[in-house]
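A.B. asks: Have a peek at target31.pdb (PDB, C-alpha atoms).
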```pdb
ATOM      1  CA  MET A  17      22.387 232.496  46.158
ATOM      2  CA  HIS A  18      25.593 233.911  47.636
ATOM      3  CA  LYS A  19      27.661 230.975  46.388
ATOM      4  CA  LEU A  20      26.513 231.525  42.812
ATOM      5  CA  TRP A  21      27.239 235.244  43.025
ATOM      6  CA  ILE A  22      30.712 234.643  44.445
ATOM      7  CA  ARG A  23      31.513 232.116  41.694
ATOM      8  CA  ALA A  24      30.253 234.402  38.920
ATOM      9  CA  GLU A  25      32.027 237.474  40.287
ATOM     10  CA  THR A  26      35.302 235.604  40.741
ATOM     11  CA  ASN A  27      35.203 234.067  37.242
ATOM     12  CA  ARG A  28      34.392 237.425  35.647
ATOM     13  CA  ASP A  29      37.488 238.978  37.209
ATOM     14  CA  ILE A  30      39.885 236.062  36.790
ATOM     15  CA  LYS A  31      39.455 235.047  33.151
ATOM     16  CA  PRO A  32      40.888 238.182  31.476
ATOM     17  CA  ILE A  33      43.741 238.406  33.976
ATOM     18  CA  SER A  34      44.582 234.731  33.464
ATOM     19  CA  ALA A  35      44.737 235.169  29.703
ATOM     20  CA  VAL A  36      47.074 238.163  29.936
ATOM     21  CA  TRP A  37      49.319 236.465  32.481
ATOM     22  CA  PHE A  38      49.461 233.196  30.525
ATOM     23  CA  TRP A  39      50.426 234.949  27.270
ATOM     24  CA  SER A  40      52.569 237.591  28.983
ATOM     25  CA  GLU A  41      55.798 236.514  27.278
ATOM     26  CA  SER A  42      54.321 237.132  23.819
ATOM     27  CA  ILE A  43      52.804 240.409  24.983
ATOM     28  CA  LEU A  44      56.076 241.619  26.481
ATOM     29  CA  LEU A  45      58.032 240.622  23.379
ATOM     30  CA  ALA A  46      55.511 242.515  21.228
ATOM     31  CA  LEU A  47      56.202 245.549  23.442
ATOM     32  CA  ARG A  48      59.917 245.086  22.625
ATOM     33  CA  GLN A  49      60.970 243.917  26.075
ATOM     34  CA  ASP A  50      64.285 242.123  26.440
ATOM     35  CA  PRO A  51      63.635 238.401  25.668
ATOM     36  CA  GLU A  52      65.306 237.165  28.836
ATOM     37  CA  VAL A  53      63.340 239.568  31.027
ATOM     38  CA  ALA A  54      60.118 238.620  29.210
ATOM     39  CA  HIS A  55      60.832 234.941  29.816
ATOM     40  CA  TYR A  56      61.473 235.427  33.557
ATOM     41  CA  ALA A  57      58.407 237.647  33.949
ATOM     42  CA  ALA A  58      56.205 235.146  32.104
ATOM     43  CA  THR A  59      57.500 232.253  34.207
ATOM     44  CA  TYR A  60      56.763 234.192  37.395
ATOM     45  CA  LEU A  61      53.261 235.108  36.238
ATOM     46  CA  ARG A  62      52.459 231.522  35.231
ATOM     47  CA  TRP A  63      53.388 230.295  38.707
ATOM     48  CA  LEU A  64      51.383 233.156  40.187
ATOM     49  CA  LEU A  65      48.331 231.939  38.246
ATOM     50  CA  LEU A  66      47.975 229.081  40.738
ATOM     51  CA  GLY A  67      46.986 231.540  43.466
ATOM     52  CA  LEU A  68      44.757 233.757  41.362
ATOM     53  CA  PRO A  69      41.453 231.986  42.161
ATOM     54  CA  ALA A  70      42.111 232.335  45.889
ATOM     55  CA  TYR A  71      42.927 236.006  45.431
ATOM     56  CA  GLY A  72      39.712 236.561  43.483
ATOM     57  CA  PHE A  73      37.668 234.753  46.118
ATOM     58  CA  ASN A  74      39.338 236.824  48.834
ATOM     59  CA  ASN A  75      38.269 240.062  47.153
ATOM     60  CA  VAL A  76      34.668 238.925  46.828
ATOM     61  CA  ALA A  77      34.528 237.515  50.368
ATOM     62  CA  ARG A  78      36.010 240.721  51.802
ATOM     63  CA  ARG A  79      33.301 242.800  50.104
ATOM     64  CA  TYR A  80      30.645 240.412  51.366
ATOM     65  CA  PHE A  81      31.881 240.607  54.962
ATOM     66  CA  GLN A  82      32.054 244.399  54.803
ATOM     67  CA  SER A  83      28.488 244.583  53.486
ATOM     68  CA  GLN A  84      27.418 242.538  56.512
ATOM     69  CA  GLY A  85      29.221 244.947  58.881
ATOM     70  CA  LEU A  86      31.957 242.435  59.730
ATOM     71  CA  PHE A  87      34.957 244.669  59.137
ATOM     72  CA  ASP A  88      37.343 242.671  61.327
ATOM     73  CA  ALA A  89      36.565 239.228  59.828
ATOM     74  CA  PRO A  90      39.169 239.440  57.007
ATOM     75  CA  THR A  91      41.824 240.476  59.521
ATOM     76  CA  ARG A  92      41.046 237.503  61.739
ATOM     77  CA  ILE A  93      41.184 235.153  58.765
ATOM     78  CA  ILE A  94      44.569 236.520  57.661
ATOM     79  CA  ILE A  95      45.964 236.112  61.182
ATOM     80  CA  LEU A  96      45.033 232.427  61.036
ATOM     81  CA  VAL A  97      46.083 231.768  57.428
ATOM     82  CA  ALA A  98      49.386 233.685  57.225
ATOM     83  CA  PRO A  99      51.392 231.207  59.355
ATOM     84  CA  VAL A 100      50.026 228.326  57.270
ATOM     85  CA  ASN A 101      51.151 230.176  54.138
ATOM     86  CA  VAL A 102      54.696 230.577  55.487
ATOM     87  CA  VAL A 103      54.957 226.890  56.390
ATOM     88  CA  LEU A 104      53.561 225.714  53.040
ATOM     89  CA  ASN A 105      55.895 228.030  51.120
ATOM     90  CA  TYR A 106      58.857 226.510  52.911
ATOM     91  CA  LEU A 107      57.720 222.883  52.764
ATOM     92  CA  LEU A 108      56.546 222.890  49.160
ATOM     93  CA  GLY A 109      59.005 225.347  47.654
ATOM     94  CA  THR A 110      62.231 223.776  48.861
ATOM     95  CA  PRO A 111      61.675 220.054  48.100
ATOM     96  CA  LEU A 112      59.937 220.614  44.773
ATOM     97  CA  CYS A 113      62.922 222.604  43.486
ATOM     98  CA  LEU A 114      60.725 225.306  42.037
ATOM     99  CA  PRO A 115      62.640 227.885  40.026
ATOM    100  CA  ASN A 116      64.022 230.725  42.115
ATOM    101  CA  LEU A 117      62.782 233.777  40.257
ATOM    102  CA  THR A 118      63.648 236.276  42.972
ATOM    103  CA  THR A 119      67.281 236.598  41.975
ATOM    104  CA  GLY A 120      66.658 237.461  38.324
ATOM    105  CA  PRO A 121      68.871 236.526  35.413
ATOM    106  CA  ASP A 122      72.427 235.361  36.114
TER     107      ASP A 122
END
```
Could you render the structure as structure tokens?
C.D. replies:
Amino acid sequence: MHKLWIRAETNRDIKPISAVWFWSESILLALRQDPEVAHYAATYLRWLLLGLPAYGFNNVARRYFQSQGLFDAPTRIIILVAPVNVVLNYLLGTPLCLPNLTTGPD
């Protein structure tokens, strides 16, 4: 039962956000944003879409743990997962030559 609820809750939250992020360049251009800025923002948001399901699951799981009285469980999970995140960012980001969007337009 909990698995179905988590899946439904996560999908309900993710679908509208995914649509806005995927079409963000068109939305920003319609709001008269500078085309270059809109392009960089849209590229960043499209790459960020890859992590959106995990973020949605994290929100649902955190609420579930809190309802069970396990307030320190998310903290323990983050302590274990954060170093893995740092290593994967370095190992996958550097060799794959992903675009560096942190510096902004040249």
A.B. asks: Interatomic distance between atom CA of A:Tyr80 and atom CA of A:Val97?
C.D. replies: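 Taking atom CA of A:Tyr80 as the start and atom CA of A:Val97 as the end point, the length is 18.7 Å.
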A.B. asks: Run the PyMOL selection byres ((chain A and resi 51-61) around 6) against the file shown and list the residues it catches, as a list in words.
C.D. replies: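 Selected by the PyMOL selection byres ((chain A and resi 51-61) around 6) here: Trp37, Ser40, Glu41, Leu44, Asp50, Arg62, Trp63 and Leu64 of chain A.
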A.B. asks: I'd like the neighbourhood of stretch 65-67 of chain A as a PyMOL selection string, where a residue qualifies if any of its atoms comes within 10 Å (using all atoms listed in the file), though same-chain residues fewer than 6 positions away should be ignored.
C.D. replies: chain A and resi 30+33-35+37-38
A.B. asks: One number please: atom CA of A:Tyr106 to atom CA of A:Gly72, in Å, one decimal.
C.D. replies: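 So the two atoms, atom CA of A:Tyr106 and atom CA of A:Gly72, lie 23.6 Å apart.
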A.B. asks: Grab the atom CA of A:Asp29 to atom CA of A:Val103 distance for me, in Å with one decimal place.
C.D. replies: 28.6 Å
A.B. asks: Let me have the centre and edge lengths of the axis-aligned box enclosing all listed atoms of stretch 86-104 of chain A with 6 Å padding on every side, in Å to one decimal, as AutoDock Vina command-line options.
C.D. replies:
```
--center_x 43.5 --center_y 235.2 --center_z 57.4 --size_x 35.0 --size_y 31.0 --size_z 20.7
```
A.B. asks: Could you expand the PyMOL selection byres ((chain A and resi 90) around 12) into the explicit residues it covers here, written as a PyMOL selection string?
C.D. replies: chain A and resi 73-82+85-89+91-98
A.B. asks: Could those selected residues go to a file with C-alpha atoms, as a short mmCIF file (atom, residue, chain, number, x, y, z; two decimals), keeping the file's coordinate frame?
C.D. replies:
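Listing of result_5.cif after writing:
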```cif
data_model
loop_
_atom_site.label_atom_id
_atom_site.label_comp_id
_atom_site.auth_asym_id
_atom_site.auth_seq_id
_atom_site.Cartn_x
_atom_site.Cartn_y
_atom_site.Cartn_z
CA PHE A 73 37.67 234.75 46.12
CA ASN A 74 39.34 236.82 48.83
CA ASN A 75 38.27 240.06 47.15
CA VAL A 76 34.67 238.92 46.83
CA ALA A 77 34.53 237.52 50.37
CA ARG A 78 36.01 240.72 51.80
CA ARG A 79 33.30 242.80 50.10
CA TYR A 80 30.64 240.41 51.37
CA PHE A 81 31.88 240.61 54.96
CA GLN A 82 32.05 244.40 54.80
CA GLY A 85 29.22 244.95 58.88
CA LEU A 86 31.96 242.44 59.73
CA PHE A 87 34.96 244.67 59.14
CA ASP A 88 37.34 242.67 61.33
CA ALA A 89 36.56 239.23 59.83
CA THR A 91 41.82 240.48 59.52
CA ARG A 92 41.05 237.50 61.74
CA ILE A 93 41.18 235.15 58.76
CA ILE A 94 44.57 236.52 57.66
CA ILE A 95 45.96 236.11 61.18
CA LEU A 96 45.03 232.43 61.04
CA VAL A 97 46.08 231.77 57.43
CA ALA A 98 49.39 233.68 57.22
#
```
